[in-house]
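To start, the structure itself, in structure tokens.
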Amino acid sequence: MSATKEPITPPVHDTKDDKEPALDDKKAPKKADKVVNPDDLIDMNTFDQLLDMDDEDDHEFSYSIVLNYFEQAEDTFKNMDIALEKKDLPELSRLGHFLKGSSAAIGLKKVKATCEKIQNIGNRQDETGTTELSEDDALGKITPLLPQVQVEYAEAEDYLKNFYDVQEAK
């Protein structure tokens with residue numbers, strides 16, 4: 001399995017992101033502000049388990065799962081924006097729970113953690129799920145989490161697309 005882990009760590013995507021803001025400063029300033037550590041993004045034990053399901057000569061199976069996740073996440077983000085606009089905390093909690101599970105299944109640590117916060121706050125509890133919140137407090141706490149989780153997702157998406165591009169080039 002060590003052969004599949006080696007291409008996971010190159011900072012290729014970080015270099016690319018450093019160039020993107022010059023082309024379009026409106027789209028990527030948050031991602032380019034920092035160098036992303038893959039260990040912060042991905043639970044490698046979980047991701048390795050997904051890769052173990054692939055055939056030895058390609059990553060077609062795991063890539064199809066990751067692509068499906070990308071589609072689900074994009075739809076979920078749209079639905080989260082709609083739910084926030086409607087101030088529908090139970091729906092935000094449900095969507096946070098859904099995306100938390102999907103993110104955990106492929107090992108996206110940051111996205112999973114933020115989705116868990118969205119789930120808890122949508123249930124009118126603090127981020128850890130231990131203290132009750134008013135509706136106004138919950139809406140105030142959940143609002144900044146939606147753009148945060150989308151940035152975390154974009155970092156993971158860039159990283160995973162780079163990983164599969166490197167694998168395909170082999």
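Chain lettering (A, B, ...) mirrors the order of the structure tokens, residue numbering begins at 1 for each chain separately, and ligand numbering begins at 1 in order of display.
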
message = Can you pull out the residues contacting Gln119 in chain A? Cut-off 6 Å, using only C-alpha atoms, and skip same-chain residues under 5 positions away; I want them as a PyMOL selection string.
response = chain A and resi 93+96-97

task = Would you list the contacts of Thr143 in chain A as a PyMOL selection string, taking every protein, DNA or RNA residue within 10 Å and counting only C-alpha atoms, but skipping same-chain residues closer than 5 positions in sequence?
result = chain A and resi 81+84-85+87+118+138+148

Deliver the residues from the most recent selection as a file, using all heavy atoms, as an mmCIF file, in the first residue's frame.
```cif
data_model
loop_
_atom_site.group_PDB
_atom_site.id
_atom_site.type_symbol
_atom_site.label_atom_id
_atom_site.label_comp_id
_atom_site.auth_asym_id
_atom_site.auth_seq_id
_atom_site.Cartn_x
_atom_site.Cartn_y
_atom_site.Cartn_z
ATOM 1 N N ASP A 81 -27.783 26.367 1.826
ATOM 2 C CA ASP A 81 -27.997 27.796 1.588
ATOM 3 C C ASP A 81 -29.484 28.138 1.593
ATOM 4 O O ASP A 81 -29.901 29.146 2.170
ATOM 5 C CB ASP A 81 -27.355 28.219 0.264
ATOM 6 C CG ASP A 81 -25.825 28.230 0.311
ATOM 7 O OD1 ASP A 81 -25.262 28.313 1.421
ATOM 8 O OD2 ASP A 81 -25.209 28.162 -0.777
ATOM 9 N N LEU A 84 -30.767 27.904 5.180
ATOM 10 C CA LEU A 84 -30.336 29.060 5.976
ATOM 11 C C LEU A 84 -31.178 30.284 5.625
ATOM 12 O O LEU A 84 -31.595 31.025 6.514
ATOM 13 C CB LEU A 84 -28.853 29.355 5.750
ATOM 14 C CG LEU A 84 -28.298 30.532 6.549
ATOM 15 C CD1 LEU A 84 -28.430 30.281 8.056
ATOM 16 C CD2 LEU A 84 -26.846 30.800 6.179
ATOM 17 N N GLU A 85 -31.446 30.459 4.352
ATOM 18 C CA GLU A 85 -32.281 31.575 3.912
ATOM 19 C C GLU A 85 -33.667 31.505 4.561
ATOM 20 O O GLU A 85 -34.237 32.517 4.945
ATOM 21 C CB GLU A 85 -32.394 31.539 2.384
ATOM 22 C CG GLU A 85 -32.913 32.810 1.756
ATOM 23 C CD GLU A 85 -32.850 32.732 0.241
ATOM 24 O OE1 GLU A 85 -31.731 32.663 -0.310
ATOM 25 O OE2 GLU A 85 -33.931 32.739 -0.384
ATOM 26 N N LYS A 87 -34.175 30.067 7.399
ATOM 27 C CA LYS A 87 -33.931 29.934 8.839
ATOM 28 C C LYS A 87 -34.464 28.604 9.372
ATOM 29 O O LYS A 87 -35.011 28.517 10.466
ATOM 30 C CB LYS A 87 -34.531 31.113 9.607
ATOM 31 C CG LYS A 87 -33.937 32.435 9.197
ATOM 32 C CD LYS A 87 -34.537 33.581 9.971
ATOM 33 C CE LYS A 87 -33.882 34.887 9.513
ATOM 34 N NZ LYS A 87 -34.340 36.023 10.282
ATOM 35 N N ILE A 118 -22.501 21.931 12.429
ATOM 36 C CA ILE A 118 -23.746 22.372 11.785
ATOM 37 C C ILE A 118 -24.908 21.516 12.279
ATOM 38 O O ILE A 118 -25.991 22.030 12.576
ATOM 39 C CB ILE A 118 -23.607 22.322 10.246
ATOM 40 C CG1 ILE A 118 -22.614 23.394 9.776
ATOM 41 C CG2 ILE A 118 -24.969 22.487 9.561
ATOM 42 C CD1 ILE A 118 -22.195 23.276 8.326
ATOM 43 N N ALA A 138 -28.388 30.212 17.553
ATOM 44 C CA ALA A 138 -28.052 29.122 16.638
ATOM 45 C C ALA A 138 -27.847 29.656 15.220
ATOM 46 O O ALA A 138 -26.870 29.287 14.547
ATOM 47 C CB ALA A 138 -29.141 28.053 16.661
ATOM 48 N N GLN A 148 -17.405 28.395 5.664
ATOM 49 C CA GLN A 148 -16.213 27.696 6.165
ATOM 50 C C GLN A 148 -16.171 26.268 5.640
ATOM 51 O O GLN A 148 -15.132 25.811 5.141
ATOM 52 C CB GLN A 148 -16.213 27.686 7.695
ATOM 53 C CG GLN A 148 -15.080 26.874 8.296
ATOM 54 C CD GLN A 148 -15.158 26.775 9.809
ATOM 55 O OE1 GLN A 148 -15.592 27.689 10.480
ATOM 56 N NE2 GLN A 148 -14.741 25.634 10.339
#
```

inquiry  = Under the rule that only C-alpha atoms are counted, which of A:Gly101, A:Gly107, A:Pro90, A:Pro144 is the nearest residue to Ile42 in chain A?
reply    =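 Of all the options, A:Gly107 lies closest to Ile42 in chain A.
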
Of the listed residues A:Val111, A:Leu95, A:Ile106, A:Leu160, that which approaches Ile65 in chain A most closely, counting only C-alpha atoms =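 Nearest candidate to Ile65 in chain A out of A:Val111, A:Leu95, A:Ile106, A:Leu160: A:Ile106.
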
inquiry  = What's the separation between CA of Glu56 in chain A and CA of Asp165 in chain A, in Å to one decimal place?
reply    =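 We find that CA of Glu56 in chain A and CA of Asp165 in chain A lie 16.5 Å from each other.
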
message = Env of Lys110 in chain A: 7 Å cut, atoms = only C-alpha atoms, seq-sep filter 3 positions within chain, self excluded. Answer as a count of residues only.
response = 5

request  = Return the single residue from A:Gln49, A:Asp55, A:Asp39, A:Leu146 that is closest to Ile82 in chain A, with distances computed using only C-alpha atoms.
outcome  =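 When distances to Ile82 in chain A are compared using only C-alpha atoms, the smallest one comes from A:Leu146.
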
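Closest approach to Arg94 in chain A among A:Cys115, A:Leu108, A:Ala73, A:Val66 is made by A:Cys115 (distances from only C-alpha atoms).
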
task = Within 10 Å of Glu135 in chain A, counting only C-alpha atoms, which residues show up once you throw out same-chain ones fewer than 2 positions away? Write them as a ChimeraX atom specification, please.
result = /A:87-89,121-125,132-133,137-141

Let me see the file: selected residues, all heavy atoms, as an mmCIF file, in the first residue's frame.
```cif
data_model
loop_
_atom_site.group_PDB
_atom_site.id
_atom_site.type_symbol
_atom_site.label_atom_id
_atom_site.label_comp_id
_atom_site.auth_asym_id
_atom_site.auth_seq_id
_atom_site.Cartn_x
_atom_site.Cartn_y
_atom_site.Cartn_z
ATOM 1 N N LYS A 87 -34.175 30.067 7.399
ATOM 2 C CA LYS A 87 -33.931 29.934 8.839
ATOM 3 C C LYS A 87 -34.464 28.604 9.372
ATOM 4 O O LYS A 87 -35.011 28.517 10.466
ATOM 5 C CB LYS A 87 -34.531 31.113 9.607
ATOM 6 C CG LYS A 87 -33.937 32.435 9.197
ATOM 7 C CD LYS A 87 -34.537 33.581 9.971
ATOM 8 C CE LYS A 87 -33.882 34.887 9.513
ATOM 9 N NZ LYS A 87 -34.340 36.023 10.282
ATOM 10 N N ASP A 88 -34.275 27.557 8.566
ATOM 11 C CA ASP A 88 -34.774 26.219 8.876
ATOM 12 C C ASP A 88 -33.668 25.416 9.572
ATOM 13 O O ASP A 88 -32.932 24.644 8.933
ATOM 14 C CB ASP A 88 -35.232 25.535 7.585
ATOM 15 C CG ASP A 88 -35.936 24.216 7.816
ATOM 16 O OD1 ASP A 88 -35.855 23.656 8.932
ATOM 17 O OD2 ASP A 88 -36.568 23.726 6.849
ATOM 18 N N LEU A 89 -33.564 25.605 10.872
ATOM 19 C CA LEU A 89 -32.517 24.925 11.634
ATOM 20 C C LEU A 89 -32.612 23.406 11.601
ATOM 21 O O LEU A 89 -31.584 22.730 11.453
ATOM 22 C CB LEU A 89 -32.502 25.438 13.076
ATOM 23 C CG LEU A 89 -31.985 26.871 13.244
ATOM 24 C CD1 LEU A 89 -32.269 27.381 14.654
ATOM 25 C CD2 LEU A 89 -30.502 26.939 12.932
ATOM 26 N N ILE A 121 -25.629 22.588 15.995
ATOM 27 C CA ILE A 121 -26.202 23.935 16.087
ATOM 28 C C ILE A 121 -27.594 23.971 15.459
ATOM 29 O O ILE A 121 -28.484 24.660 15.953
ATOM 30 C CB ILE A 121 -25.255 24.973 15.472
ATOM 31 C CG1 ILE A 121 -23.965 25.038 16.306
ATOM 32 C CG2 ILE A 121 -25.911 26.349 15.398
ATOM 33 C CD1 ILE A 121 -22.837 25.822 15.674
ATOM 34 N N GLY A 122 -27.795 23.201 14.388
ATOM 35 C CA GLY A 122 -29.121 23.099 13.786
ATOM 36 C C GLY A 122 -30.139 22.511 14.755
ATOM 37 O O GLY A 122 -31.336 22.803 14.668
ATOM 38 N N ASN A 123 -29.670 21.708 15.692
ATOM 39 C CA ASN A 123 -30.527 21.156 16.762
ATOM 40 C C ASN A 123 -30.607 22.106 17.953
ATOM 41 O O ASN A 123 -31.063 21.704 19.028
ATOM 42 C CB ASN A 123 -29.992 19.794 17.228
ATOM 43 C CG ASN A 123 -30.334 18.692 16.274
ATOM 44 O OD1 ASN A 123 -31.370 18.708 15.621
ATOM 45 N ND2 ASN A 123 -29.455 17.709 16.171
ATOM 46 N N ARG A 124 -30.131 23.343 17.756
ATOM 47 C CA ARG A 124 -30.131 24.394 18.778
ATOM 48 C C ARG A 124 -29.317 23.996 20.006
ATOM 49 O O ARG A 124 -29.709 24.211 21.145
ATOM 50 C CB ARG A 124 -31.555 24.809 19.133
ATOM 51 C CG ARG A 124 -32.253 25.492 17.957
ATOM 52 C CD ARG A 124 -33.659 25.898 18.224
ATOM 53 N NE ARG A 124 -33.777 26.639 19.489
ATOM 54 C CZ ARG A 124 -34.918 26.996 20.023
ATOM 55 N NH1 ARG A 124 -36.053 26.707 19.415
ATOM 56 N NH2 ARG A 124 -34.954 27.649 21.164
ATOM 57 N N GLN A 125 -28.158 23.392 19.716
ATOM 58 C CA GLN A 125 -27.172 23.065 20.750
ATOM 59 C C GLN A 125 -25.851 23.699 20.337
ATOM 60 O O GLN A 125 -25.653 24.017 19.160
ATOM 61 C CB GLN A 125 -27.020 21.549 20.884
ATOM 62 C CG GLN A 125 -28.296 20.862 21.314
ATOM 63 C CD GLN A 125 -28.142 19.356 21.347
ATOM 64 O OE1 GLN A 125 -27.236 18.797 20.757
ATOM 65 N NE2 GLN A 125 -29.044 18.702 22.044
ATOM 66 N N GLU A 132 -27.870 24.091 25.287
ATOM 67 C CA GLU A 132 -28.970 24.532 24.435
ATOM 68 C C GLU A 132 -28.776 25.985 24.005
ATOM 69 O O GLU A 132 -28.280 26.814 24.768
ATOM 70 C CB GLU A 132 -30.300 24.382 25.181
ATOM 71 C CG GLU A 132 -31.496 24.506 24.259
ATOM 72 C CD GLU A 132 -32.791 24.084 24.934
ATOM 73 O OE1 GLU A 132 -32.754 23.125 25.722
ATOM 74 O OE2 GLU A 132 -33.809 24.721 24.655
ATOM 75 N N LEU A 133 -29.176 26.288 22.763
ATOM 76 C CA LEU A 133 -29.080 27.631 22.197
ATOM 77 C C LEU A 133 -30.464 28.146 21.814
ATOM 78 O O LEU A 133 -31.337 27.358 21.460
ATOM 79 C CB LEU A 133 -28.214 27.624 20.925
ATOM 80 C CG LEU A 133 -26.771 27.178 21.030
ATOM 81 C CD1 LEU A 133 -26.154 27.054 19.642
ATOM 82 C CD2 LEU A 133 -25.977 28.157 21.877
ATOM 83 N N ASP A 137 -29.363 32.648 18.496
ATOM 84 C CA ASP A 137 -27.964 32.274 18.739
ATOM 85 C C ASP A 137 -27.520 31.185 17.769
ATOM 86 O O ASP A 137 -26.405 31.234 17.229
ATOM 87 C CB ASP A 137 -27.760 31.795 20.178
ATOM 88 C CG ASP A 137 -27.770 32.932 21.187
ATOM 89 O OD1 ASP A 137 -27.644 34.106 20.784
ATOM 90 O OD2 ASP A 137 -27.913 32.641 22.387
ATOM 91 N N ALA A 138 -28.388 30.212 17.553
ATOM 92 C CA ALA A 138 -28.052 29.122 16.638
ATOM 93 C C ALA A 138 -27.847 29.656 15.220
ATOM 94 O O ALA A 138 -26.870 29.287 14.547
ATOM 95 C CB ALA A 138 -29.141 28.053 16.661
ATOM 96 N N LEU A 139 -28.739 30.523 14.772
ATOM 97 C CA LEU A 139 -28.587 31.091 13.430
ATOM 98 C C LEU A 139 -27.312 31.918 13.328
ATOM 99 O O LEU A 139 -26.612 31.871 12.311
ATOM 100 C CB LEU A 139 -29.807 31.935 13.062
ATOM 101 C CG LEU A 139 -31.078 31.137 12.757
ATOM 102 C CD1 LEU A 139 -32.293 32.058 12.707
ATOM 103 C CD2 LEU A 139 -30.930 30.362 11.452
ATOM 104 N N GLY A 140 -26.983 32.647 14.381
ATOM 105 C CA GLY A 140 -25.756 33.431 14.388
ATOM 106 C C GLY A 140 -24.503 32.572 14.340
ATOM 107 O O GLY A 140 -23.508 32.943 13.714
ATOM 108 N N LYS A 141 -24.546 31.421 14.986
ATOM 109 C CA LYS A 141 -23.376 30.526 15.013
ATOM 110 C C LYS A 141 -23.265 29.679 13.747
ATOM 111 O O LYS A 141 -22.166 29.332 13.322
ATOM 112 C CB LYS A 141 -23.440 29.610 16.235
ATOM 113 C CG LYS A 141 -23.170 30.331 17.552
ATOM 114 C CD LYS A 141 -23.194 29.361 18.720
ATOM 115 C CE LYS A 141 -22.952 30.048 20.026
ATOM 116 N NZ LYS A 141 -21.581 30.504 20.191
#
```
